[in-house]
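Chemist: Sharing query29.cif below, mmCIF, C-alpha atoms and all ligand atoms:
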```cif
data_data
loop_
_atom_site.label_atom_id
_atom_site.label_comp_id
_atom_site.auth_asym_id
_atom_site.auth_seq_id
_atom_site.Cartn_x
_atom_site.Cartn_y
_atom_site.Cartn_z
CA MET W 1 -61.37 5.15 7.50
CA ASP W 2 -61.66 3.58 10.94
CA THR W 3 -65.01 2.73 12.40
CA ILE W 4 -65.34 4.28 15.81
CA PHE W 5 -67.37 3.23 18.82
CA ALA W 6 -68.08 4.82 22.18
CA LEU W 7 -70.37 4.65 25.16
CA SER W 8 -72.65 7.58 24.34
CA SER W 9 -74.84 7.46 27.44
CA GLY W 10 -73.89 8.53 30.96
CA LYS W 11 -71.56 7.07 33.52
CA PRO W 12 -72.31 3.43 34.39
CA PRO W 13 -73.81 1.68 36.20
CA ALA W 14 -77.18 2.71 34.83
CA ALA W 15 -80.33 0.97 33.63
CA ILE W 16 -79.33 1.25 30.00
CA ALA W 17 -76.06 1.97 28.24
CA VAL W 18 -75.99 3.13 24.62
CA VAL W 19 -72.92 2.25 22.59
CA ARG W 20 -72.72 3.95 19.21
CA LEU W 21 -70.75 2.88 16.17
CA SER W 22 -69.93 5.02 13.14
CA GLY W 23 -68.00 4.17 10.00
CA PRO W 24 -67.73 1.70 7.13
CA HIS W 25 -67.34 -1.38 9.35
CA ALA W 26 -70.43 -0.72 11.47
CA ARG W 27 -72.50 -3.25 9.49
CA GLU W 28 -69.83 -5.93 9.72
CA ALA W 29 -69.45 -5.37 13.47
CA LEU W 30 -73.21 -5.73 13.98
CA MET W 31 -73.17 -8.90 11.92
CA SER W 32 -70.39 -10.45 13.94
CA LEU W 33 -71.78 -9.42 17.36
CA ALA W 34 -75.50 -9.86 16.82
CA GLY W 35 -75.32 -12.55 14.16
CA ARG W 36 -77.51 -10.51 11.83
CA VAL W 37 -78.10 -6.99 10.60
CA PRO W 38 -81.49 -5.69 11.74
CA GLU W 39 -83.83 -3.91 9.39
CA PRO W 40 -82.70 -0.28 8.93
CA LYS W 41 -84.01 2.21 11.51
CA ARG W 42 -85.97 -0.50 13.36
CA VAL W 43 -85.27 -1.55 16.90
CA SER W 44 -84.50 -5.28 17.17
CA LEU W 45 -83.86 -7.49 20.14
CA VAL W 46 -80.58 -9.33 19.64
CA LYS W 47 -78.20 -11.59 21.51
CA LEU W 48 -74.71 -10.16 21.43
CA ARG W 49 -71.95 -12.79 21.42
CA ASP W 50 -68.19 -12.69 21.43
CA ARG W 51 -66.12 -14.64 18.91
CA GLU W 52 -66.31 -17.83 20.98
CA GLY W 53 -70.07 -17.61 20.90
CA LEU W 54 -70.39 -16.64 24.55
CA VAL W 55 -73.46 -14.46 25.15
CA LEU W 56 -72.42 -10.96 26.27
CA ASP W 57 -75.86 -9.38 26.65
CA HIS W 58 -79.42 -9.31 25.40
CA ALA W 59 -79.64 -5.93 23.79
CA LEU W 60 -81.60 -3.69 21.47
CA ALA W 61 -79.82 -3.01 18.22
CA LEU W 62 -80.36 -0.31 15.61
CA TRP W 63 -78.88 -0.34 12.13
CA LEU W 64 -78.68 3.15 10.62
CA PRO W 65 -77.18 3.08 7.14
CA GLY W 66 -75.49 6.30 5.96
CA PRO W 67 -75.39 8.91 4.61
CA GLY W 68 -78.64 10.06 6.22
CA THR W 69 -77.31 9.70 9.76
CA VAL W 70 -76.03 12.26 12.25
CA SER W 71 -72.41 11.50 11.37
CA GLY W 72 -73.13 11.03 7.68
CA GLU W 73 -71.66 7.51 7.89
CA ASP W 74 -73.11 4.05 8.45
CA MET W 75 -74.04 3.87 12.12
CA ALA W 76 -75.31 1.39 14.64
CA GLU W 77 -76.53 1.65 18.20
CA LEU W 78 -76.51 -1.02 20.87
CA HIS W 79 -78.72 -0.47 23.88
CA LEU W 80 -77.15 -2.64 26.54
CA HIS W 81 -77.90 -3.38 30.16
CA GLY W 82 -75.95 -0.57 31.77
CA GLY W 83 -73.60 -2.53 34.03
CA LYS W 84 -69.88 -1.80 33.96
CA ALA W 85 -68.88 -5.38 33.09
CA VAL W 86 -71.50 -5.65 30.33
CA ILE W 87 -70.19 -2.47 28.71
CA ALA W 88 -66.57 -3.54 29.13
CA ALA W 89 -67.27 -6.94 27.51
CA VAL W 90 -69.09 -5.43 24.53
CA GLU W 91 -66.41 -2.78 24.10
CA ALA W 92 -63.72 -5.46 24.18
CA ALA W 93 -65.56 -7.46 21.50
CA LEU W 94 -65.92 -4.33 19.35
CA ALA W 95 -62.26 -3.38 19.78
CA GLY W 96 -61.34 -6.89 18.58
CA SER W 97 -63.38 -6.51 15.37
CA PRO W 98 -61.55 -5.53 12.18
CA GLY W 99 -61.30 -1.79 11.45
CA MET W 100 -62.80 -0.79 14.80
CA ARG W 101 -61.37 1.46 17.46
CA ALA W 102 -62.59 3.53 20.41
CA ALA W 103 -63.67 7.07 19.44
CA GLU W 104 -61.75 10.19 20.43
CA PRO W 105 -63.65 12.90 22.32
CA GLY W 106 -66.05 14.69 20.00
CA GLU W 107 -65.21 12.41 17.10
CA PHE W 108 -68.80 11.63 16.10
CA THR W 109 -69.54 15.36 15.82
CA ARG W 110 -66.25 15.93 14.07
CA ARG W 111 -67.27 13.39 11.43
CA ALA W 112 -70.69 15.02 11.13
CA PHE W 113 -68.92 18.30 10.36
CA ALA W 114 -66.42 16.69 7.97
CA ASN W 115 -69.33 15.07 6.09
CA GLY W 116 -71.23 18.36 5.86
CA ARG W 117 -74.06 17.19 8.14
CA ILE W 118 -73.58 20.21 10.41
CA ASP W 119 -71.49 23.37 10.27
CA LEU W 120 -69.27 24.80 12.98
CA ALA W 121 -71.95 27.03 14.48
CA GLU W 122 -74.27 24.03 14.83
CA ALA W 123 -71.47 21.94 16.33
CA GLU W 124 -70.87 24.72 18.86
CA GLY W 125 -74.58 24.79 19.62
CA LEU W 126 -74.50 21.05 20.23
CA ALA W 127 -71.59 21.47 22.64
CA GLU W 128 -73.50 24.21 24.46
CA LEU W 129 -76.58 22.01 24.64
CA LEU W 130 -74.65 19.15 26.20
CA SER W 131 -73.16 21.45 28.83
CA ALA W 132 -76.30 23.51 29.44
CA GLU W 133 -77.08 23.78 33.14
CA SER W 134 -79.74 26.44 33.12
CA GLU W 135 -82.98 26.74 31.20
CA LEU W 136 -81.83 29.93 29.46
CA GLN W 137 -78.65 28.22 28.29
CA ARG W 138 -80.64 25.26 26.99
CA ARG W 139 -83.05 27.43 25.04
CA LEU W 140 -80.27 29.35 23.30
CA ALA W 141 -78.27 26.19 22.59
CA VAL W 142 -81.27 24.41 21.08
CA GLU W 143 -81.67 27.28 18.61
CA LEU W 144 -77.99 27.29 17.75
CA ALA W 145 -77.77 23.51 17.34
CA GLY W 146 -80.88 23.68 15.17
CA GLY W 147 -79.05 25.97 12.77
CA SER W 148 -80.54 29.38 13.65
CA LEU W 149 -77.20 31.19 13.49
CA SER W 150 -76.11 29.21 10.44
CA ALA W 151 -79.27 30.30 8.62
CA GLN W 152 -78.65 33.91 9.66
CA VAL W 153 -75.07 33.80 8.41
CA GLY W 154 -76.40 32.22 5.21
CA THR W 155 -78.57 35.28 4.53
CA TRP W 156 -75.61 37.61 5.18
CA LEU W 157 -73.44 35.58 2.86
CA GLU W 158 -76.08 35.62 0.16
CA GLN W 159 -76.39 39.39 0.35
CA VAL W 160 -72.64 39.83 0.03
CA LEU W 161 -72.48 37.35 -2.85
CA LEU W 162 -75.13 39.30 -4.74
CA LEU W 163 -73.31 42.56 -4.12
CA SER W 164 -70.07 40.97 -5.34
CA ALA W 165 -71.76 39.58 -8.41
CA GLU W 166 -73.25 42.96 -9.30
CA LEU W 167 -69.92 44.65 -8.84
CA GLU W 168 -68.06 42.01 -10.89
CA ALA W 169 -70.56 42.46 -13.71
CA GLN W 170 -69.90 46.19 -13.68
CA LEU W 171 -66.17 45.66 -13.63
CA ASP W 172 -66.28 43.13 -16.48
CA PHE W 173 -68.84 44.62 -18.77
CA GLY W 174 -69.37 48.24 -17.82
CA ASP W 175 -67.70 51.07 -19.68
CA GLU W 176 -64.77 52.66 -17.97
CA ASP W 177 -67.01 55.61 -17.13
CA ASP W 178 -69.79 53.47 -15.72
CA VAL W 179 -67.61 51.69 -13.24
CA ALA W 180 -67.42 54.63 -10.87
CA GLY W 181 -71.15 55.14 -11.11
CA LEU W 182 -72.56 52.27 -9.09
CA ASP W 183 -76.16 52.57 -7.99
CA PRO W 184 -76.42 54.48 -4.66
CA ALA W 185 -78.72 51.68 -3.45
CA PHE W 186 -75.75 49.36 -3.82
CA PHE W 187 -73.91 51.25 -1.07
CA ALA W 188 -77.04 51.67 1.03
CA ARG W 189 -77.35 47.87 1.14
CA ILE W 190 -73.77 47.58 2.37
CA VAL W 191 -74.35 50.21 5.06
CA ALA W 192 -77.51 48.42 6.22
CA LEU W 193 -75.75 45.06 6.38
CA ALA W 194 -72.82 46.53 8.34
CA ALA W 195 -75.31 48.06 10.79
CA GLU W 196 -77.04 44.71 11.23
CA LEU W 197 -73.71 43.05 11.99
CA ARG W 198 -72.90 45.77 14.54
CA ASP W 199 -76.23 45.09 16.19
CA TRP W 200 -75.23 41.43 16.61
CA LEU W 201 -71.76 42.39 17.84
CA ILE W 202 -73.02 44.53 20.72
CA ARG W 203 -75.25 41.75 22.04
CA PRO W 204 -74.04 39.77 25.07
CA ARG W 205 -71.88 36.79 24.11
CA THR W 206 -73.02 33.16 24.41
CA GLU W 207 -70.26 32.49 26.96
CA ARG W 208 -72.02 34.80 29.40
CA LEU W 209 -74.60 32.06 29.95
CA ARG W 210 -71.97 29.58 31.00
CA GLU W 211 -70.44 32.00 33.51
CA GLY W 212 -73.78 33.32 34.67
CA PHE W 213 -74.63 36.85 35.76
CA ARG W 214 -72.04 37.82 38.33
CA LEU W 215 -73.78 39.07 41.45
CA VAL W 216 -71.55 40.23 44.29
CA ILE W 217 -72.82 40.84 47.80
CA ALA W 218 -70.67 43.45 49.51
CA GLY W 219 -70.54 45.52 52.65
CA PRO W 220 -68.69 45.73 55.96
CA PRO W 221 -68.46 42.78 58.36
CA ASN W 222 -71.71 41.90 60.08
CA ALA W 223 -73.78 43.73 57.50
CA GLY W 224 -75.61 40.45 56.85
CA LYS W 225 -73.91 39.47 53.58
CA SER W 226 -73.55 35.75 54.29
CA THR W 227 -77.07 35.51 55.64
CA LEU W 228 -78.46 37.11 52.47
CA PHE W 229 -76.20 34.92 50.33
CA ASN W 230 -77.68 31.85 52.05
CA ALA W 231 -81.21 33.18 51.80
CA LEU W 232 -80.75 33.67 48.07
CA LEU W 233 -79.22 30.23 47.68
CA GLU W 234 -81.61 28.65 50.13
CA THR W 235 -78.75 26.55 51.50
CA GLU W 236 -76.14 26.87 54.19
CA ALA W 237 -73.25 27.37 51.77
CA ALA W 238 -71.70 30.26 53.70
CA ILE W 239 -71.04 30.20 57.44
CA THR W 240 -72.64 33.06 59.30
CA SER W 241 -71.74 34.20 62.75
CA ALA W 242 -72.22 37.28 64.89
CA GLN W 243 -68.46 37.73 65.17
CA ALA W 244 -67.03 40.30 62.74
CA GLY W 245 -64.94 38.98 59.88
CA THR W 246 -66.13 35.35 59.64
CA THR W 247 -66.40 35.31 55.86
CA ARG W 248 -62.71 35.43 55.23
CA ASP W 249 -62.60 34.54 51.64
CA VAL W 250 -64.65 34.86 48.54
CA LEU W 251 -67.37 32.26 48.31
CA GLU W 252 -68.92 31.60 44.93
CA ARG W 253 -71.93 29.51 43.95
CA ASN W 254 -73.62 28.95 40.63
CA VAL W 255 -77.35 29.00 40.85
CA ALA W 256 -80.27 29.52 38.49
CA PHE W 257 -83.20 31.73 39.48
CA ASP W 258 -86.15 31.13 37.21
CA GLY W 259 -83.86 29.45 34.66
CA VAL W 260 -81.48 32.42 34.56
CA PRO W 261 -77.91 31.52 35.54
CA PHE W 262 -76.19 33.51 38.28
CA SER W 263 -72.79 33.32 39.81
CA LEU W 264 -73.40 34.45 43.35
CA VAL W 265 -70.40 35.83 45.21
CA ASP W 266 -70.14 36.48 48.94
CA THR W 267 -67.15 38.68 49.73
CA ALA W 268 -65.08 39.13 52.84
CA GLY W 269 -65.99 42.19 54.84
CA LEU W 270 -64.52 45.36 53.43
CA ARG W 271 -62.97 46.46 56.70
CA GLY W 272 -60.26 48.99 55.99
CA GLU W 273 -57.75 48.10 58.72
CA THR W 274 -57.00 44.63 59.96
CA GLU W 275 -54.07 42.95 61.66
CA ASP W 276 -55.14 39.55 60.43
CA GLU W 277 -53.06 38.46 57.44
CA ILE W 278 -55.65 36.02 56.08
CA GLU W 279 -58.42 38.53 56.45
CA ARG W 280 -56.34 41.11 54.60
CA ILE W 281 -55.98 38.73 51.66
CA GLY W 282 -59.72 38.17 51.77
CA ILE W 283 -60.36 41.92 51.62
CA GLY W 284 -58.04 42.23 48.62
CA ARG W 285 -60.00 39.52 46.83
CA ALA W 286 -63.27 41.18 47.72
CA GLU W 287 -62.10 44.38 46.06
CA ALA W 288 -61.12 42.45 42.93
CA GLU W 289 -64.60 40.86 42.95
CA LEU W 290 -66.27 44.25 43.06
CA ALA W 291 -64.41 45.21 39.90
CA ARG W 292 -65.55 42.03 38.08
CA ALA W 293 -69.16 42.15 39.18
CA ASP W 294 -72.10 42.60 36.83
CA LEU W 295 -74.00 43.94 39.80
CA VAL W 296 -73.15 44.62 43.42
CA LEU W 297 -75.71 44.37 46.20
CA TRP W 298 -74.50 46.91 48.73
CA LEU W 299 -75.38 46.13 52.34
CA GLY W 300 -73.13 48.78 53.90
CA PRO W 301 -73.84 52.40 54.88
CA GLU W 302 -75.88 54.24 52.28
CA GLY W 303 -73.85 55.94 49.56
CA GLU W 304 -70.60 54.18 50.42
CA GLY W 305 -70.91 51.30 47.97
CA PRO W 306 -69.34 51.11 44.52
CA ASP W 307 -70.91 53.00 41.61
CA GLY W 308 -73.97 51.32 40.16
CA ALA W 309 -74.48 49.09 43.19
CA TRP W 310 -78.00 48.42 44.43
CA GLU W 311 -78.54 49.82 47.89
CA ILE W 312 -80.04 47.02 49.95
CA GLU W 313 -81.58 47.75 53.32
CA THR W 314 -81.35 44.55 55.30
CA LYS W 315 -82.27 43.15 58.70
CA LEU W 316 -85.74 44.67 58.26
CA ASP W 317 -87.06 42.51 61.11
CA ASP W 318 -84.63 44.13 63.54
CA ALA W 319 -86.02 47.42 64.81
CA ALA W 320 -82.49 48.70 65.36
CA HIS W 321 -81.39 48.10 61.74
CA ALA W 322 -79.92 50.94 59.70
CA ALA W 323 -82.60 52.37 57.42
CA LYS W 324 -81.73 53.59 53.93
CA ARG W 325 -83.51 56.48 52.29
CA MET W 326 -82.97 55.31 48.73
CA ALA W 327 -82.93 51.54 49.11
CA VAL W 328 -83.55 49.63 45.86
CA HIS W 329 -84.77 46.71 47.97
CA ARG W 330 -85.58 46.17 51.62
CA VAL W 331 -85.18 42.64 52.95
CA SER W 332 -84.84 40.50 55.99
CA ALA W 333 -82.57 37.61 55.17
CA LEU W 334 -83.55 36.06 58.47
CA THR W 335 -87.33 35.98 57.95
CA GLY W 336 -87.15 35.93 54.14
CA GLU W 337 -89.21 39.11 53.84
CA GLY W 338 -88.52 40.83 50.51
CA VAL W 339 -86.13 38.12 49.33
CA ALA W 340 -88.48 36.74 46.66
CA GLU W 341 -89.05 40.26 45.29
CA LEU W 342 -85.29 40.84 45.22
CA LYS W 343 -84.81 37.59 43.30
CA ARG W 344 -87.47 38.52 40.78
CA ALA W 345 -85.87 41.92 40.20
CA LEU W 346 -82.46 40.29 39.82
CA VAL W 347 -83.83 37.90 37.18
CA VAL W 348 -85.28 40.79 35.14
CA HIS W 349 -82.06 42.77 35.45
CA ALA W 350 -79.79 39.83 34.56
CA GLN W 351 -81.89 38.81 31.55
CA ASP W 352 -81.00 42.13 30.00
CA ALA W 353 -77.27 41.50 30.36
CA LEU W 354 -77.43 37.92 29.05
CA PRO W 355 -78.14 36.53 25.58
CA LYS W 356 -81.84 36.31 24.82
CA PRO W 357 -83.37 33.24 23.18
CA GLY W 358 -85.06 34.15 19.93
CA GLU W 359 -82.71 37.05 19.39
CA GLY W 360 -79.56 35.05 18.73
CA ALA W 361 -76.08 35.53 20.15
CA LEU W 362 -72.50 35.01 19.10
CA ASN W 363 -69.70 33.33 20.97
CA ALA W 364 -66.21 34.86 21.02
CA ARG W 365 -65.05 32.90 17.96
CA GLN W 366 -68.12 33.76 15.91
CA ALA W 367 -67.91 37.41 16.98
CA ARG W 368 -64.34 37.59 15.71
CA PHE W 369 -65.44 36.68 12.19
CA VAL W 370 -68.58 38.80 12.24
CA GLY W 371 -66.29 41.63 13.42
CA GLU W 372 -63.96 41.07 10.46
CA ALA W 373 -66.90 41.18 8.07
CA GLU W 374 -68.32 44.28 9.74
CA ARG W 375 -64.98 46.12 9.49
CA ALA W 376 -64.57 45.18 5.83
CA LEU W 377 -68.10 46.32 4.95
CA GLY W 378 -67.81 49.41 7.15
CA SER W 379 -64.77 50.61 5.23
CA ILE W 380 -66.64 50.63 1.91
CA THR W 381 -67.70 54.09 0.75
CA ALA W 382 -69.16 55.36 -2.51
CA GLY W 383 -65.89 57.01 -3.45
CA LEU W 384 -63.78 53.88 -2.95
CA ASP W 385 -61.98 52.29 -5.92
CA PRO W 386 -64.30 49.49 -7.16
CA LEU W 387 -61.43 47.02 -6.94
CA LEU W 388 -61.10 47.80 -3.24
CA VAL W 389 -64.87 47.50 -2.82
CA ALA W 390 -64.63 44.03 -4.39
CA GLU W 391 -61.76 43.14 -2.08
CA ASN W 392 -63.65 44.25 1.03
CA LEU W 393 -66.69 42.25 -0.03
CA ARG W 394 -64.40 39.24 -0.43
CA VAL W 395 -63.00 39.76 3.09
CA ALA W 396 -66.56 39.89 4.48
CA ARG W 397 -67.42 36.65 2.67
CA THR W 398 -64.36 34.94 4.05
CA GLY W 399 -65.39 36.02 7.56
CA PHE W 400 -68.81 34.36 7.17
CA ASP W 401 -67.30 31.23 5.66
CA ARG W 402 -64.84 30.90 8.48
CA LEU W 403 -67.66 31.33 10.98
CA THR W 404 -69.55 28.34 9.59
CA GLY W 405 -66.33 26.50 8.76
CA ARG W 406 -67.42 26.12 5.17
CA ALA W 407 -64.77 28.23 3.52
CA SER W 408 -64.66 26.93 0.02
CA THR W 409 -64.12 29.10 -3.05
CA GLU W 410 -65.80 26.52 -5.31
CA ASP W 411 -69.01 26.72 -3.29
CA MET W 412 -68.92 30.45 -3.39
CA LEU W 413 -68.47 30.60 -7.10
CA ASP W 414 -71.31 28.15 -7.63
CA THR W 415 -73.67 30.31 -5.59
CA LEU W 416 -72.42 33.47 -7.21
CA PHE W 417 -72.93 32.26 -10.76
CA GLY W 418 -76.02 30.28 -9.94
CA ARG W 419 -77.78 33.43 -8.78
CA PHE W 420 -76.52 35.75 -11.43
CA CYS W 421 -77.05 35.56 -15.13
CA ILE W 422 -73.75 36.50 -16.68
CA GLY W 423 -75.34 37.16 -20.07
CA LYS W 424 -77.48 39.90 -18.62
P1 LIG W 501 -71.54 39.32 57.11
O1 LIG W 501 -70.35 39.45 57.99
O2 LIG W 501 -71.83 40.59 56.40
O3 LIG W 501 -71.49 38.13 56.18
O4 LIG W 501 -72.80 39.13 58.08
P2 LIG W 501 -73.57 37.81 58.51
O5 LIG W 501 -74.45 37.35 57.43
O6 LIG W 501 -72.61 36.84 59.09
O7 LIG W 501 -74.53 38.41 59.63
C1 LIG W 501 -74.04 39.07 60.79
C2 LIG W 501 -75.07 38.95 61.90
O8 LIG W 501 -76.27 39.59 61.53
C3 LIG W 501 -75.45 37.49 62.22
O9 LIG W 501 -75.62 37.38 63.60
C4 LIG W 501 -76.77 37.32 61.50
O10 LIG W 501 -77.59 36.37 62.11
C5 LIG W 501 -77.37 38.70 61.61
N1 LIG W 501 -78.29 38.94 60.51
C6 LIG W 501 -78.04 38.85 59.18
N2 LIG W 501 -79.15 39.14 58.47
C7 LIG W 501 -80.13 39.41 59.36
C8 LIG W 501 -81.50 39.79 59.24
O11 LIG W 501 -82.09 39.92 58.14
N3 LIG W 501 -82.19 40.03 60.39
C9 LIG W 501 -81.60 39.89 61.64
N4 LIG W 501 -82.34 40.14 62.70
N5 LIG W 501 -80.32 39.52 61.77
C10 LIG W 501 -79.58 39.31 60.66
#
```
Can the structure in the file be given as structure tokens, please?
Ligand code: GDP
Modeler:
Amino acid sequence: MDTIFALSSGKPPAAIAVVRLSGPHAREALMSLAGRVPEPKRVSLVKLRDREGLVLDHALALWLPGPGTVSGEDMAELHLHGGKAVIAAVEAALAGSPGMRAAEPGEFTRRAFANGRIDLAEAEGLAELLSAESELQRRLAVELAGGSLSAQVGTWLEQVLLLSAELEAQLDFGDEDDVAGLDPAFFARIVALAAELRDWLIRPRTERLREGFRLVIAGPPNAGKSTLFNALLETEAAITSAQAGTTRDVLERNVAFDGVPFSLVDTAGLRGETEDEIERIGIGRAEAELARADLVLWLGPEGEGPDGAWEIETKLDDAAHAAKRMAVHRVSALTGEGVAELKRALVVHAQDALPKPGEGALNARQARFVGEAERALGSITAGLDPLLVAENLRVARTGFDRLTGRASTEDMLDTLFGRFCIGK
């Protein structure tokens, strides 16, 4: 097994650069670079030298003997001065040490998974945490990386294992006549579990947080779309002008309001007829955007927006503005009147369509396996041949095991027999 190393901190130059090592040669590499192996889990100041004895850097070194480390292997950390040349020199010295090589992307986590330190759901949570851009995303990812979903799947798996064990006992030891007569509570438990899985399946997916709630601002040219877009963004991302048709294309910005991620889309004016080729393309894209939107803010004439759109009465400050009888919100993008209220309402609305921390959510991969388990359990009925019941329970178990990446029949048998007294 190679020992891997990588710069684990951000892009240099920076004040400090952290180089991590993981694998059986980590100790040896520390010894050769620092001249000694520091006390385990204690920070030590060391002089790093190359093979000629030339000092590379004064650094902090950590020796973290496995298996109680994040990767499950022997690990070391070097906290260097974060200059590009310092990092390059230390990396070159490490690459020249026996058994060492630069890590592949994600390889530390991969080793953690291979060594059973984390399961797939936790690894996915970690990935989400590293890419989290909004507060909501961070909160959900922290739960996932901390094993909240893994624990949940563990309880599902345990329930199915118990059901399987009870059924197997019936099949092995029951009389022929008894086999058909399983306890009605047995089936009620399956129905309840299937319902719980369905409840998880209808929740918004984790990926929704990465994309953000898709908010499209639509209406005819000059309705004030770009001005509202800017007011919501509080920047000058879109160009506004009094001339009709200036927003020729779709403009999209990711922004978080109150920690909730939005993808804000400003569309080209939906003007039916135009001679301008580019503008026509823009209108086509705007129509496609309306179809993809989670919510449309409609700035055009009342009642002419797409179904489900919020009627927004805008240009409130202008006495000549078009009033709306049933406006959901009334704003002036120019003076900012009503914009904060609109934002607050959007946050509340979007939170409902996005995964909620504390409630748990599945990503597409996890949902596929929960879906498989739900279908298998859902097809079990009291009248079903017990052998088919057993088979469906097995399919459900496999789904959970594939979700956590811990599909191992040995493990399953251990749990099954550990929980169930066969002599009973
Ligand atoms: P779009 O074509 O729908 O994107 O419209 P724009 O945002 O470019 O706005 C068209 C014109 O209306 C510009 O001259 C804006 O300054 C003006 N406008 C937009 N919002 C407001 C508003 O709230 N109050 C006033 N008085 N003028 C506005």
Chemist: Just give me the gap between CA of Val348 (chain W) and CA of Glu135 (chain W) in Å, one decimal is fine.
Modeler: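 Answer for the CA of Val348 (chain W) to CA of Glu135 (chain W) separation: 14.8 Å.
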Chemist: Could you tell me how far CA of Arg402 (chain W) lies from CA of Glu211 (chain W), in Å and to one decimal?
Modeler: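 Rounded to one decimal, the two atoms are 25.7 Å apart.
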Chemist: Need to verify the contact set: Leu388 (chain W), 12 Å, only C-alpha atoms, exclusion of same-chain residues closer than 5 positions in sequence. Can you return it as a compact mmCIF listing (two decimals) with C-alpha atoms, keeping the file's coordinate frame?
Modeler:
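Saved the output as out-v2.txt:
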```txt
# COMPACT_ATOMS: atom_id res chain seq x y z
CA SER W 164 -70.07 40.97 -5.34
CA LEU W 167 -69.92 44.65 -8.84
CA GLU W 168 -68.06 42.01 -10.89
CA LEU W 171 -66.17 45.66 -13.63
CA ALA W 376 -64.57 45.18 5.83
CA LEU W 377 -68.10 46.32 4.95
CA SER W 379 -64.77 50.61 5.23
CA ILE W 380 -66.64 50.63 1.91
CA THR W 381 -67.70 54.09 0.75
CA ALA W 382 -69.16 55.36 -2.51
CA GLY W 383 -65.89 57.01 -3.45
CA LEU W 393 -66.69 42.25 -0.03
CA ARG W 394 -64.40 39.24 -0.43
CA VAL W 395 -63.00 39.76 3.09
```
Chemist: How far is it from CA of Val347 (chain W) to CA of Leu215 (chain W), in Å with one decimal?
Modeler: 11.0 Å
Chemist: Nearest to Pro65 (chain W): which of W:Arg101, W:Arg208, W:Arg27, W:Arg42 is it, counting all atoms listed in the file?
Modeler: W:Arg27
Chemist: Could you tell me which of W:Ala373, W:Leu228, W:Ala145, W:Leu297 comes closest to Ala195 (chain W) if we count all atoms listed in the file?
Modeler: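 Closest residue, counting all atoms listed in the file: W:Ala373.
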Chemist: So, with only C-alpha atoms as the atoms that count, which of W:Gly259, W:Pro221, W:Asp401, W:Ala165 lies closest to Gly300 (chain W)?
Modeler: W:Pro221
Chemist: Using the file's own x, y and z axes, so that the box edges lie along x, y and z, what centre and edge lengths in Å (one decimal) does a box around every listed atom of ligand LIG 501 (chain W) get when 6 Å is added on each side? Give it as lines of an AutoDock Vina configuration file.
Modeler:
```
center_x = -76.3
center_y = 38.5
center_z = 59.9
size_x = 24.0
size_y = 16.2
size_z = 19.4
```
Chemist: Counting only C-alpha atoms, figure out which residue out of W:Gly53, W:Gly83, W:Pro98, W:Pro40 gets nearest to Pro24 (chain W).
Modeler: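 Among W:Gly53, W:Gly83, W:Pro98, W:Pro40, it is W:Pro98 that comes nearest to Pro24 (chain W).
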Chemist: Which of these residues is nearest to Gly147 (chain W), using all atoms listed in the file: W:Gly10, W:Leu126, W:Gly23, W:Ala61?
Modeler: W:Leu126
Chemist: For region 57-64 of chain W, supply N, CA, C and O atoms and format the output as a PDB file, in the coordinates of the input.
Modeler:
```pdb
ATOM      1  N   ASP W  57     -74.676 -10.098  26.149  1.00  0.00           N
ATOM      2  CA  ASP W  57     -75.860  -9.380  26.650  1.00  0.00           C
ATOM      3  C   ASP W  57     -77.028  -9.581  25.701  1.00  0.00           C
ATOM      4  O   ASP W  57     -76.830  -9.871  24.524  1.00  0.00           O
ATOM      5  N   HIS W  58     -78.229  -9.411  26.240  1.00  0.00           N
ATOM      6  CA  HIS W  58     -79.420  -9.310  25.400  1.00  0.00           C
ATOM      7  C   HIS W  58     -79.630  -7.816  25.228  1.00  0.00           C
ATOM      8  O   HIS W  58     -79.777  -7.108  26.226  1.00  0.00           O
ATOM      9  N   ALA W  59     -79.629  -7.374  23.997  1.00  0.00           N
ATOM     10  CA  ALA W  59     -79.640  -5.930  23.790  1.00  0.00           C
ATOM     11  C   ALA W  59     -80.602  -5.534  22.687  1.00  0.00           C
ATOM     12  O   ALA W  59     -81.090  -6.384  21.933  1.00  0.00           O
ATOM     13  N   LEU W  60     -80.853  -4.232  22.609  1.00  0.00           N
ATOM     14  CA  LEU W  60     -81.600  -3.690  21.470  1.00  0.00           C
ATOM     15  C   LEU W  60     -80.572  -3.169  20.482  1.00  0.00           C
ATOM     16  O   LEU W  60     -79.603  -2.504  20.886  1.00  0.00           O
ATOM     17  N   ALA W  61     -80.777  -3.466  19.219  1.00  0.00           N
ATOM     18  CA  ALA W  61     -79.820  -3.010  18.220  1.00  0.00           C
ATOM     19  C   ALA W  61     -80.536  -2.199  17.148  1.00  0.00           C
ATOM     20  O   ALA W  61     -81.682  -2.472  16.801  1.00  0.00           O
ATOM     21  N   LEU W  62     -79.835  -1.176  16.676  1.00  0.00           N
ATOM     22  CA  LEU W  62     -80.360  -0.310  15.610  1.00  0.00           C
ATOM     23  C   LEU W  62     -79.320  -0.252  14.495  1.00  0.00           C
ATOM     24  O   LEU W  62     -78.144   0.006  14.769  1.00  0.00           O
ATOM     25  N   TRP W  63     -79.776  -0.467  13.280  1.00  0.00           N
ATOM     26  CA  TRP W  63     -78.880  -0.340  12.130  1.00  0.00           C
ATOM     27  C   TRP W  63     -79.297   0.911  11.350  1.00  0.00           C
ATOM     28  O   TRP W  63     -80.457   1.044  10.945  1.00  0.00           O
ATOM     29  N   LEU W  64     -78.375   1.863  11.231  1.00  0.00           N
ATOM     30  CA  LEU W  64     -78.680   3.150  10.620  1.00  0.00           C
ATOM     31  C   LEU W  64     -77.717   3.385   9.447  1.00  0.00           C
ATOM     32  O   LEU W  64     -76.640   3.970   9.627  1.00  0.00           O
TER      33      LEU W  64
END
```
